[in-house]
$ cat work_3.cif   # mmCIF, C-alpha atoms
data_model
loop_
_atom_site.label_atom_id
_atom_site.label_comp_id
_atom_site.auth_asym_id
_atom_site.auth_seq_id
_atom_site.Cartn_x
_atom_site.Cartn_y
_atom_site.Cartn_z
CA MET P 245 15.08 -34.59 70.30
CA THR P 246 15.90 -34.44 73.99
CA SER P 247 14.51 -32.65 77.03
CA THR P 248 15.75 -29.16 77.85
CA ALA P 249 15.85 -29.78 81.64
CA MET P 250 16.36 -32.65 84.01
CA PRO P 251 13.07 -34.58 84.15
CA THR P 252 13.22 -35.18 87.90
CA ALA P 253 12.98 -31.44 88.52
CA GLY P 254 11.33 -30.07 85.41
CA GLN P 255 8.42 -32.47 85.40
CA HIS P 256 7.38 -31.08 88.77
CA GLY P 257 7.69 -27.42 87.73
CA LEU P 258 11.06 -26.91 89.44
CA VAL P 259 14.44 -25.68 88.24
CA ALA P 260 17.87 -25.97 89.80
CA HIS P 261 19.07 -22.92 91.76
CA SER P 262 22.74 -21.87 91.86
CA ASP P 263 23.11 -23.40 95.34
CA GLY P 264 21.86 -26.76 94.09
CA ALA P 265 18.36 -26.49 95.56
CA PHE P 266 15.26 -26.84 93.41
CA VAL P 267 12.91 -23.83 93.27
CA PRO P 268 9.61 -23.21 91.44
CA VAL P 269 9.79 -22.00 87.84
CA GLN P 270 10.01 -18.20 87.91
CA THR P 271 9.94 -17.30 84.21
CA ARG P 272 8.27 -18.74 81.14
CA SER P 273 11.59 -19.52 79.46
CA GLU P 274 12.53 -21.89 82.32
CA ARG P 275 9.62 -24.25 81.76
CA PHE P 276 10.46 -27.89 81.24
CA ARG P 277 10.17 -29.20 77.67
CA SER P 278 10.23 -32.70 76.26
CA VAL P 279 8.72 -34.69 73.40
CA ASN P 280 8.48 -37.78 75.62
CA VAL P 281 5.31 -38.14 77.69
CA ASP P 282 7.12 -40.23 80.33
CA ASP P 283 9.31 -37.23 81.16
CA PHE P 284 6.25 -35.47 82.62
CA ALA P 285 4.62 -36.33 85.93
CA PRO P 286 0.95 -37.39 85.86
CA VAL P 287 -1.43 -34.44 85.77
CA ASN P 288 -3.20 -33.70 89.06
CA GLY P 289 -4.59 -30.23 88.35
CA ARG P 290 -2.30 -28.38 90.75
CA GLU P 291 0.42 -27.68 88.17
CA HIS P 292 0.83 -24.10 86.95
CA GLU P 293 -0.21 -25.06 83.41
CA TRP P 294 -3.28 -27.06 84.50
CA LYS P 295 -4.60 -25.32 87.61
CA LEU P 296 -7.42 -23.55 85.72
CA SER P 297 -8.35 -26.56 83.56
CA PRO P 298 -10.94 -29.34 84.18
CA VAL P 299 -8.26 -32.05 84.06
CA ALA P 300 -10.64 -34.92 84.95
CA ALA P 301 -12.56 -34.27 81.72
CA PHE P 302 -9.59 -35.26 79.56
CA ALA P 303 -7.50 -37.64 81.68
CA ASP P 304 -7.48 -40.10 78.76
CA LEU P 305 -5.67 -37.51 76.63
CA THR P 306 -2.97 -36.72 79.19
CA SER P 307 -2.25 -40.24 80.44
CA GLY P 308 -3.79 -42.85 78.17
CA GLU P 309 -2.50 -44.36 74.94
CA LEU P 310 -3.75 -42.44 71.90
CA ASP P 311 -4.68 -43.54 68.40
CA GLY P 312 -1.98 -41.95 66.25
CA SER P 313 -3.33 -42.97 62.85
CA PRO P 314 -3.98 -40.20 60.27
CA LEU P 315 -7.09 -38.15 60.90
CA PRO P 316 -9.87 -38.07 58.31
CA ILE P 317 -9.59 -34.68 56.60
CA GLU P 318 -11.28 -32.68 53.89
CA THR P 319 -9.17 -30.20 51.92
CA THR P 320 -9.71 -27.59 49.24
CA ASP P 321 -7.70 -27.92 46.02
CA VAL P 322 -5.80 -24.65 45.69
CA ALA P 323 -2.75 -23.90 43.57
CA GLY P 324 0.22 -23.12 45.78
CA VAL P 325 -1.04 -25.20 48.73
CA ALA P 326 0.00 -28.86 48.88
CA VAL P 327 -1.25 -31.31 51.51
CA SER P 328 0.74 -34.49 52.15
CA SER P 329 2.09 -36.78 54.88
CA ILE P 330 5.61 -36.82 56.30
CA PRO P 331 7.29 -39.36 58.65
CA ARG P 332 8.18 -38.70 62.27
CA ASP P 333 11.88 -38.35 61.43
CA ASP P 334 11.33 -35.50 58.94
CA ALA P 335 13.61 -32.55 59.77
CA ARG P 336 10.64 -30.19 60.02
CA ILE P 337 9.18 -32.11 62.97
CA GLY P 338 10.23 -30.13 66.04
CA ALA P 339 11.50 -27.13 64.08
CA ALA P 340 8.93 -24.74 65.59
CA GLY P 341 8.69 -25.89 69.20
CA THR P 342 8.72 -28.57 71.89
CA PRO P 343 5.91 -29.65 74.27
CA GLU P 344 5.69 -27.93 77.64
CA ASP P 345 2.89 -30.05 79.09
CA ARG P 346 1.94 -33.71 79.32
CA ALA P 347 -0.99 -33.57 76.88
CA SER P 348 1.20 -32.12 74.15
CA ALA P 349 3.96 -34.64 74.88
CA ASN P 350 1.45 -37.50 74.85
CA ALA P 351 0.27 -36.47 71.39
CA TRP P 352 3.90 -36.17 70.23
CA THR P 353 4.75 -39.61 71.58
CA ASN P 354 1.77 -41.32 69.96
CA PHE P 355 1.32 -39.78 66.50
CA GLY P 356 2.28 -41.85 63.46
CA GLU P 357 2.74 -39.65 60.40
CA ALA P 358 2.39 -35.87 60.39
CA LEU P 359 0.17 -33.87 58.08
CA LEU P 360 2.17 -31.35 56.04
CA VAL P 361 0.55 -28.24 54.55
CA SER P 362 3.04 -26.50 52.25
CA VAL P 363 2.48 -22.94 51.03
CA THR P 364 4.43 -21.63 48.04
CA GLY P 365 4.13 -18.75 45.61
CA GLU P 366 3.74 -15.02 46.13
CA ASP P 367 0.08 -14.86 45.07
CA GLU P 368 -2.66 -14.78 47.71
CA LYS P 369 -4.52 -18.06 48.22
CA VAL P 370 -6.98 -19.51 50.75
CA ALA P 371 -7.19 -23.20 51.68
CA PHE P 372 -9.27 -25.13 54.21
CA VAL P 373 -8.13 -28.27 56.02
CA THR P 374 -11.07 -29.71 57.98
CA ARG P 375 -10.88 -32.57 60.46
CA THR P 376 -14.27 -34.25 60.84
CA GLY P 377 -15.76 -37.60 61.80
CA LEU P 378 -13.12 -38.35 64.46
CA GLY P 379 -15.56 -40.13 66.78
CA ASP P 380 -15.01 -40.60 70.50
CA THR P 381 -11.70 -42.53 70.39
CA PRO P 382 -8.85 -40.64 72.11
CA ARG P 383 -6.55 -39.57 69.28
CA ALA P 384 -3.20 -37.91 68.67
CA ALA P 385 -2.25 -35.76 65.70
CA HIS P 386 0.64 -33.67 64.41
CA THR P 387 0.38 -31.00 61.71
CA VAL P 388 3.14 -28.92 60.11
CA ILE P 389 2.23 -25.78 58.17
CA GLU P 390 5.22 -24.47 56.24
CA ALA P 391 5.30 -21.19 54.32
CA ALA P 392 8.23 -20.99 51.91
CA PRO P 393 10.35 -17.81 51.89
CA ASN P 394 8.47 -14.83 50.38
CA SER P 395 5.28 -16.86 49.97
CA ARG P 396 1.72 -15.73 50.76
CA GLY P 397 -1.10 -17.88 52.09
CA PHE P 398 -4.23 -18.18 54.22
CA ILE P 399 -4.81 -21.56 55.88
CA VAL P 400 -7.89 -22.53 57.90
CA LEU P 401 -7.41 -25.57 60.16
CA ALA P 402 -10.93 -26.46 61.22
CA GLY P 403 -12.55 -29.08 63.44
CA THR P 404 -16.17 -30.25 63.30
CA GLY P 405 -18.22 -33.13 64.68
CA ASP P 406 -17.26 -35.44 67.54
CA ALA P 407 -13.67 -35.63 68.79
CA ARG P 408 -11.36 -36.49 71.65
CA LEU P 409 -8.17 -35.06 70.24
CA SER P 410 -4.77 -34.01 71.57
CA GLU P 411 -2.57 -32.49 68.90
CA ASN P 412 0.49 -30.42 68.10
CA VAL P 413 0.54 -27.91 65.27
CA GLU P 414 3.85 -26.48 64.04
CA ILE P 415 3.91 -23.35 61.88
CA ILE P 416 7.14 -22.52 60.09
CA VAL P 417 7.18 -19.10 58.42
CA GLY P 418 10.08 -18.57 56.05
CA ASP P 419 12.03 -15.36 55.56
CA GLY P 420 9.87 -12.63 54.02
CA ALA P 421 6.74 -14.80 54.01
CA SER P 422 3.27 -13.59 55.00
CA LEU P 423 0.96 -16.26 56.40
CA THR P 424 -2.46 -16.34 58.05
CA VAL P 425 -3.45 -19.44 60.04
CA VAL P 426 -6.94 -19.75 61.49
CA SER P 427 -7.55 -22.46 64.10
CA LEU P 428 -11.34 -22.89 63.95
CA GLN P 429 -13.07 -25.01 66.59
CA GLU P 430 -16.68 -25.80 65.66
CA TRP P 431 -16.82 -29.20 67.36
CA SER P 432 -19.97 -30.93 68.58
CA ASP P 433 -21.29 -30.29 72.09
CA GLU P 434 -19.40 -33.15 73.80
CA ALA P 435 -16.08 -32.89 71.94
CA VAL P 436 -12.77 -32.42 73.79
CA HIS P 437 -9.83 -30.80 72.01
CA LEU P 438 -6.36 -29.99 73.37
CA SER P 439 -4.07 -28.22 70.92
CA SER P 440 -0.54 -26.90 71.37
CA GLN P 441 0.45 -24.70 68.44
CA PHE P 442 4.05 -23.63 67.90
CA ALA P 443 5.18 -21.00 65.39
CA ARG P 444 8.69 -20.00 64.35
CA LEU P 445 9.03 -16.80 62.33
CA GLY P 446 11.95 -16.07 60.01
CA ARG P 447 13.55 -12.76 59.12
CA ASP P 448 11.08 -10.00 58.11
CA SER P 449 8.20 -12.49 58.09
CA PHE P 450 4.62 -11.94 59.20
CA LEU P 451 2.14 -14.32 60.79
CA LYS P 452 -1.48 -13.61 61.58
CA HIS P 453 -2.57 -16.38 63.93
CA ILE P 454 -6.28 -16.55 64.80
CA VAL P 455 -7.97 -18.85 67.30
CA VAL P 456 -11.77 -19.13 67.03
CA SER P 457 -13.40 -21.41 69.61
CA LEU P 458 -17.17 -21.80 69.46
CA GLY P 459 -17.98 -25.51 69.74
CA GLY P 460 -16.87 -28.33 72.02
CA LYS P 461 -17.30 -29.28 75.66
CA VAL P 462 -13.66 -28.57 76.55
CA VAL P 463 -11.37 -26.75 74.13
CA ARG P 464 -7.83 -25.73 75.10
CA VAL P 465 -5.73 -24.08 72.37
CA ASN P 466 -2.29 -22.83 73.41
CA PRO P 467 -0.40 -20.83 70.74
CA SER P 468 3.32 -20.26 71.24
CA THR P 469 5.20 -17.93 68.87
CA HIS P 470 8.97 -17.65 68.58
CA LEU P 471 10.06 -14.41 66.90
CA ALA P 472 13.40 -15.93 66.08
CA GLU P 473 14.79 -13.57 63.44
CA GLN P 474 15.12 -9.83 63.02
CA GLY P 475 12.00 -8.02 61.79
CA ALA P 476 9.56 -10.86 62.54
CA ASP P 477 5.98 -9.73 63.18
CA ILE P 478 3.05 -11.59 64.79
CA GLU P 479 -0.59 -10.52 65.03
CA SER P 480 -2.31 -12.96 67.39
CA LEU P 481 -6.10 -12.77 67.50
CA GLY P 482 -8.69 -14.79 69.39
CA LEU P 483 -12.47 -15.05 69.47
CA TYR P 484 -14.49 -17.33 71.75
CA PHE P 485 -18.09 -17.71 72.94
CA ALA P 486 -18.74 -20.01 75.90
CA ASP P 487 -22.21 -21.40 76.61
CA ALA P 488 -23.56 -23.24 79.67
CA GLY P 489 -21.17 -25.95 80.88
CA GLN P 490 -18.56 -25.15 78.23
CA HIS P 491 -14.85 -24.62 79.02
CA LEU P 492 -12.81 -22.63 76.48
CA GLU P 493 -9.16 -21.95 77.26
CA GLN P 494 -6.23 -20.21 75.61
CA GLN P 495 -2.69 -19.86 76.95
CA VAL P 496 -0.78 -17.56 74.61
CA PHE P 497 3.00 -17.19 74.61
CA VAL P 498 5.04 -14.75 72.49
CA HIS P 499 8.83 -14.92 72.72
CA HIS P 500 10.72 -11.94 71.28
CA ASP P 501 14.15 -13.38 70.66
CA ALA P 502 15.61 -11.11 67.96
CA PRO P 503 16.01 -7.37 67.30
CA HIS P 504 13.19 -5.17 66.02
CA THR P 505 10.37 -7.69 66.31
CA LYS P 506 6.72 -6.81 66.80
CA SER P 507 3.71 -8.49 68.40
CA ARG P 508 0.07 -7.58 68.87
CA VAL P 509 -2.14 -9.96 70.86
CA THR P 510 -5.90 -9.32 71.05
CA TYR P 511 -8.37 -11.90 72.37
CA LYS P 512 -12.08 -11.26 72.99
CA GLY P 513 -14.71 -13.57 74.42
CA ALA P 514 -18.31 -13.71 75.58
CA LEU P 515 -19.91 -15.99 78.17
CA GLN P 516 -23.52 -16.96 78.81
CA GLY P 517 -25.25 -19.72 80.77
CA ALA P 518 -24.61 -21.49 84.05
CA GLY P 519 -21.12 -22.97 84.26
CA ALA P 520 -19.75 -21.23 81.16
CA ARG P 521 -16.00 -20.83 81.76
CA THR P 522 -13.20 -19.19 79.83
CA VAL P 523 -9.49 -18.97 80.60
CA TRP P 524 -7.01 -16.67 78.92
CA ILE P 525 -3.36 -16.48 79.99
CA GLY P 526 -1.04 -14.26 77.99
CA ASP P 527 2.74 -14.49 78.40
CA VAL P 528 5.13 -12.17 76.55
CA LEU P 529 8.88 -12.64 77.01
CA ILE P 530 11.24 -10.01 75.60
CA GLY P 531 14.69 -11.58 75.59
CA ASN P 532 17.94 -9.73 76.17
CA ALA P 533 18.76 -9.82 72.44
CA ALA P 534 15.37 -8.39 71.41
CA VAL P 535 16.32 -4.71 71.23
CA GLY P 536 13.76 -2.49 69.53
CA THR P 537 10.84 -4.76 70.44
CA ASP P 538 7.31 -3.40 70.03
CA SER P 539 4.76 -5.51 71.92
CA TYR P 540 1.24 -5.22 73.32
CA GLU P 541 -1.27 -7.83 74.52
CA GLN P 542 -4.86 -7.48 75.65
CA ASN P 543 -7.85 -9.61 76.62
CA ARG P 544 -11.48 -8.51 76.91
CA ASN P 545 -14.39 -10.59 78.21
CA LEU P 546 -18.10 -9.78 78.13
CA VAL P 547 -20.25 -11.55 80.73
CA LEU P 548 -23.85 -11.94 79.53
CA THR P 549 -25.50 -13.90 82.37
CA GLU P 550 -25.05 -14.96 85.96
CA GLY P 551 -23.17 -18.16 86.79
CA THR P 552 -20.24 -17.67 84.43
CA ARG P 553 -16.51 -17.29 85.11
CA ALA P 554 -13.76 -15.67 83.07
CA ASP P 555 -10.11 -15.91 84.15
CA SER P 556 -7.75 -13.44 82.47
CA VAL P 557 -4.05 -13.31 83.36
CA PRO P 558 -1.63 -11.15 81.32
CA ASN P 559 2.09 -11.50 82.04
CA LEU P 560 5.06 -9.55 80.70
CA GLU P 561 8.76 -10.34 81.18
CA ILE P 562 11.39 -7.92 79.90
CA GLU P 563 15.10 -8.75 79.90
CA THR P 564 16.32 -5.65 78.05
CA GLY P 565 15.50 -1.98 78.51
CA ASP P 566 16.23 -1.05 74.89
CA ILE P 567 12.73 -1.52 73.45
CA GLU P 568 10.19 0.54 71.52
CA GLY P 569 7.38 -0.33 73.89
CA ALA P 570 5.57 -3.10 75.75
CA GLY P 571 2.32 -3.33 77.62
CA HIS P 572 -0.71 -5.39 78.49
CA ALA P 573 -4.35 -4.96 79.48
CA SER P 574 -7.20 -7.13 80.70
CA ALA P 575 -10.86 -6.42 81.44
CA THR P 576 -13.93 -8.51 82.24
CA GLY P 577 -17.32 -6.89 82.65
CA ARG P 578 -21.04 -6.87 81.96
CA PHE P 579 -23.05 -4.89 79.45
CA ASP P 580 -22.46 -1.18 79.27
CA ASP P 581 -25.73 0.25 80.59
CA GLU P 582 -25.18 3.48 78.68
CA GLN P 583 -24.93 1.60 75.40
CA LEU P 584 -28.15 -0.28 76.16
CA PHE P 585 -29.93 2.91 77.17
CA TYR P 586 -28.79 4.65 73.98
CA LEU P 587 -30.14 1.86 71.77
CA MET P 588 -33.38 1.38 73.69
CA ALA P 589 -34.04 5.14 73.64
CA ARG P 590 -34.13 4.81 69.85
CA GLY P 591 -36.87 2.22 69.90
CA ILE P 592 -34.76 -0.96 69.90
CA ARG P 593 -36.04 -3.75 72.13
CA GLU P 594 -33.79 -4.72 75.04
CA ASP P 595 -33.06 -8.24 73.76
CA GLU P 596 -32.13 -6.91 70.33
CA ALA P 597 -30.06 -4.11 71.91
CA ARG P 598 -28.09 -6.70 73.86
CA ARG P 599 -27.41 -8.70 70.70
CA LEU P 600 -26.19 -5.56 68.96
CA VAL P 601 -23.76 -4.80 71.78
CA VAL P 602 -22.34 -8.33 71.77
CA ARG P 603 -22.16 -8.40 67.99
CA GLY P 604 -20.23 -5.13 67.97
CA PHE P 605 -17.91 -6.36 70.72
CA LEU P 606 -16.90 -9.53 68.85
CA THR P 607 -17.07 -8.17 65.30
CA ASP P 608 -13.92 -6.19 66.02
CA ILE P 609 -12.00 -9.48 65.82
CA VAL P 610 -14.03 -10.96 62.95
CA GLN P 611 -13.32 -7.99 60.71
CA LYS P 612 -9.57 -8.44 61.15
CA ILE P 613 -9.54 -12.00 59.80
CA GLY P 614 -9.09 -11.02 56.17
CA SER P 615 -11.43 -13.48 54.41
CA ALA P 616 -14.90 -12.26 53.48
CA ASP P 617 -16.32 -15.79 53.28
CA LEU P 618 -14.95 -16.83 56.66
CA GLU P 619 -16.01 -13.55 58.25
CA ALA P 620 -19.59 -14.11 57.03
CA ARG P 621 -19.50 -17.68 58.36
CA LEU P 622 -18.36 -16.54 61.79
CA THR P 623 -20.86 -13.69 61.93
CA ALA P 624 -23.64 -16.23 61.33
CA ALA P 625 -22.18 -18.50 64.03
CA ILE P 626 -22.14 -15.64 66.54
CA GLU P 627 -25.78 -14.86 65.73
CA ALA P 628 -26.64 -18.51 66.36
CA GLU P 629 -24.83 -18.40 69.71
CA LEU P 630 -26.78 -15.31 70.74
CA GLU P 631 -30.04 -16.98 69.81
CA GLY P 632 -29.13 -20.07 71.82
CA ARG P 633 -28.72 -22.37 68.81
#

$ encode --input "work_3.cif" --output "structure tokens"
Amino acid sequence: MTSTAMPTAGQHGLVAHSDGAFVPVQTRSERFRSVNVDDFAPVNGREHEWKLSPVAAFADLTSGELDGSPLPIETTDVAGVAVSSIPRDDARIGAAGTPEDRASANAWTNFGEALLVSVTGEDEKVAFVTRTGLGDTPRAAHTVIEAAPNSRGFIVLAGTGDARLSENVEIIVGDGASLTVVSLQEWSDEAVHLSSQFARLGRDSFLKHIVVSLGGKVVRVNPSTHLAEQGADIESLGLYFADAGQHLEQQVFVHHDAPHTKSRVTYKGALQGAGARTVWIGDVLIGNAAVGTDSYEQNRNLVLTEGTRADSVPNLEIETGDIEGAGHASATGRFDDEQLFYLMARGIREDEARRLVVRGFLTDIVQKIGSADLEARLTAAIEAELEGR
């Protein structure tokens, strides 16, 4: 696979203008892409894709050589879900997307074999793939999740324990398929995880993509969805809770590239403790062929203490006027005093009232996941966060 722009310009965030001059990238679709890490300039933190990230904390993942051996995983044995390995030259590698930043390209350059999760059959099934015991060695990984046409499945890709991991995840949703993928980050306190996740949706297919980031020192999960065929539908959900000194980041991209496609993006997060930081950037591109598009994205952040910072940047690009609708919203704020007053007036202590408000704020996302067991697990994790555990 080759680059989609000249490296000398693209690697510096520039594109060629009609008069031959190089100008800064103006739209998301113009971003430079390559699977080769050497095509990207070294990261300095001033680039558009890195300017809100603590780049010094993961310099070994953007510039250093990575261990590309298979990750230790634990899987559930479920009929209709097969887990195997595929070589780098498999045709499915690169079918869903191409790296847009150096960390993603470094992982692509260094991985050995890819992990393949295949979903078949029209019955509903739930499977967990858990990466654990990775240690503190900088590592690269590549995962392909493929849903066969008209299949149904629910896949949880989870991370626990120590890690310094840069990875790419490709999600291929066949025509008429309905797939849920949950990216669950429950890493240890010092873990660093950079994940670029690419999805390609076939005709009349549906993907529910959910990012849940609770653990880790620095976690950066960037989902990119290509609605490539008519009738494709994406529901993109996110839930995150940042504690003191923790950086949780999501850069979400939805590309409507076919007629009558639909997207709903909803991310919610809470922050508490000195130095807690979250970043959410949402890009929606409605291409000129995407007539009849129906799109909406929103991000909500709840600030619980002083000394936190939440960056929220929604962006919308529309190249055709023949759409059903498109919009975006963003809000970051503190507790609603009226809600607290209402609860406390009914005899609920202030600390418990605050927990109830936060729980209600985040439960809106939890209840949309679609797995009772996972919803209960996340509810317990949120309670632990609120109690400082």

$ residues_around --input "work_3.cif" --residues "P:Asp617" --least-positions-apart "6" --cutoff "12 Å" --atoms "all atoms listed in the file" --output "ChimeraX atom specification"
/P:370-372,400,610-611,623-624

$ residues_around --input "work_3.cif" --residues "P:Ser313" --least-positions-apart "5" --cutoff "10 Å" --atoms "all atoms listed in the file" --output "JSON, numbers by chain"
{"P": [354, 355, 356, 357, 358, 383, 384, 385]}

$ atom_distance --input "work_3.cif" --atom1 "atom CA of P:Pro393" --atom2 "atom CA of P:Ile530"
25.0 Å

$ closest_residue --input "work_3.cif" --among "P:Arg444, P:Ala285, P:Glu619, P:Asp555" --to "P:Thr342" --atoms "all atoms listed in the file"
P:Arg444

$ residues_near_point --input "work_3.cif" --point "(-7.4, -32.0, 82.3)" --cutoff "10 Å" --atoms "only C-alpha atoms" --output "ChimeraX atom specification"
/P:287-289,294-307,346-347,438,462,464

$ residues_around --input "work_3.cif" --residues "P:Leu492" --least-positions-apart "3" --cutoff "8 Å" --atoms "all atoms listed in the file" --output "number ranges by chain"
P: 457, 462-464, 484, 486, 521-523

$ atom_distance --input "work_3.cif" --atom1 "atom CA of P:Val535" --atom2 "atom CA of P:Gly565"
7.8 Å

$ closest_residue --input "work_3.cif" --among "P:Ser480, P:Asn559, P:Ser440, P:Thr424" --to "P:Ile609" --atoms "all atoms listed in the file"
P:Ser480

$ atom_distance --input "work_3.cif" --atom1 "atom CA of P:Gly475" --atom2 "atom CA of P:Ser507"
10.6 Å

$ resolve_selection --input "work_3.cif" --expression "the PyMOL selection byres ((chain P and resi 538-553) around 6)" --output "ChimeraX atom specification"
/P:506-516,518-521,537,554,568-578

$ residues_around --input "work_3.cif" --residues "P:Arg375" --least-positions-apart "3" --cutoff "7 Å" --atoms "only C-alpha atoms" --output "list in words"
Leu315, Pro316, Ile317, Glu318, Ala402, Gly403 and Thr404 of chain P

$ resolve_selection --input "work_3.cif" --expression "the PyMOL selection byres ((chain P and resi 560-563) around 6)" --output "number ranges by chain"
P: 527-532, 559, 564

$ resolve_selection --input "work_3.cif" --expression "the PyMOL selection byres ((chain P and resi 415) around 9)" --output "compact mmCIF listing (two decimals) with C-alpha atoms, keeping the file's coordinate frame"
# COMPACT_ATOMS: atom_id res chain seq x y z
CA ALA P 339 11.50 -27.13 64.08
CA ALA P 340 8.93 -24.74 65.59
CA THR P 387 0.38 -31.00 61.71
CA VAL P 388 3.14 -28.92 60.11
CA ILE P 389 2.23 -25.78 58.17
CA GLU P 390 5.22 -24.47 56.24
CA ALA P 391 5.30 -21.19 54.32
CA VAL P 413 0.54 -27.91 65.27
CA GLU P 414 3.85 -26.48 64.04
CA ILE P 416 7.14 -22.52 60.09
CA VAL P 417 7.18 -19.10 58.42
CA VAL P 425 -3.45 -19.44 60.04
CA GLN P 441 0.45 -24.70 68.44
CA PHE P 442 4.05 -23.63 67.90
CA ALA P 443 5.18 -21.00 65.39
CA ARG P 444 8.69 -20.00 64.35
CA LEU P 445 9.03 -16.80 62.33
CA THR P 469 5.20 -17.93 68.87

$ residues_near_point --input "work_3.cif" --point "(-25.9, -4.1, 80.4)" --cutoff "12 Å" --atoms "only C-alpha atoms" --output "compact mmCIF listing (two decimals) with C-alpha atoms, in the coordinates of the input"
# COMPACT_ATOMS: atom_id res chain seq x y z
CA LEU P 546 -18.10 -9.78 78.13
CA VAL P 547 -20.25 -11.55 80.73
CA LEU P 548 -23.85 -11.94 79.53
CA THR P 549 -25.50 -13.90 82.37
CA GLY P 577 -17.32 -6.89 82.65
CA ARG P 578 -21.04 -6.87 81.96
CA PHE P 579 -23.05 -4.89 79.45
CA ASP P 580 -22.46 -1.18 79.27
CA ASP P 581 -25.73 0.25 80.59
CA GLU P 582 -25.18 3.48 78.68
CA GLN P 583 -24.93 1.60 75.40
CA LEU P 584 -28.15 -0.28 76.16
CA PHE P 585 -29.93 2.91 77.17
CA TYR P 586 -28.79 4.65 73.98
CA LEU P 587 -30.14 1.86 71.77
CA MET P 588 -33.38 1.38 73.69
CA GLU P 594 -33.79 -4.72 75.04
CA ASP P 595 -33.06 -8.24 73.76
CA ALA P 597 -30.06 -4.11 71.91
CA ARG P 598 -28.09 -6.70 73.86
CA ARG P 599 -27.41 -8.70 70.70
CA LEU P 600 -26.19 -5.56 68.96
CA VAL P 601 -23.76 -4.80 71.78
CA VAL P 602 -22.34 -8.33 71.77

$ closest_residue --input "work_3.cif" --among "P:Glu411, P:Asp501, P:Glu479, P:Glu430" --to "P:Gly446" --atoms "all atoms listed in the file"
P:Asp501

$ closest_residue --input "work_3.cif" --among "P:Ala435, P:Glu366, P:Leu360, P:Glu473" --to "P:Gly379" --atoms "only C-alpha atoms"
P:Ala435

$ closest_residue --input "work_3.cif" --among "P:Ile567, P:Ile525, P:Leu409, P:Leu451" --to "P:Gly397" --atoms "all atoms listed in the file"
P:Leu451

$ closest_residue --input "work_3.cif" --among "P:Ser329, P:Thr319, P:Ser468, P:Ser410" --to "P:Ser348" --atoms "only C-alpha atoms"
P:Ser410
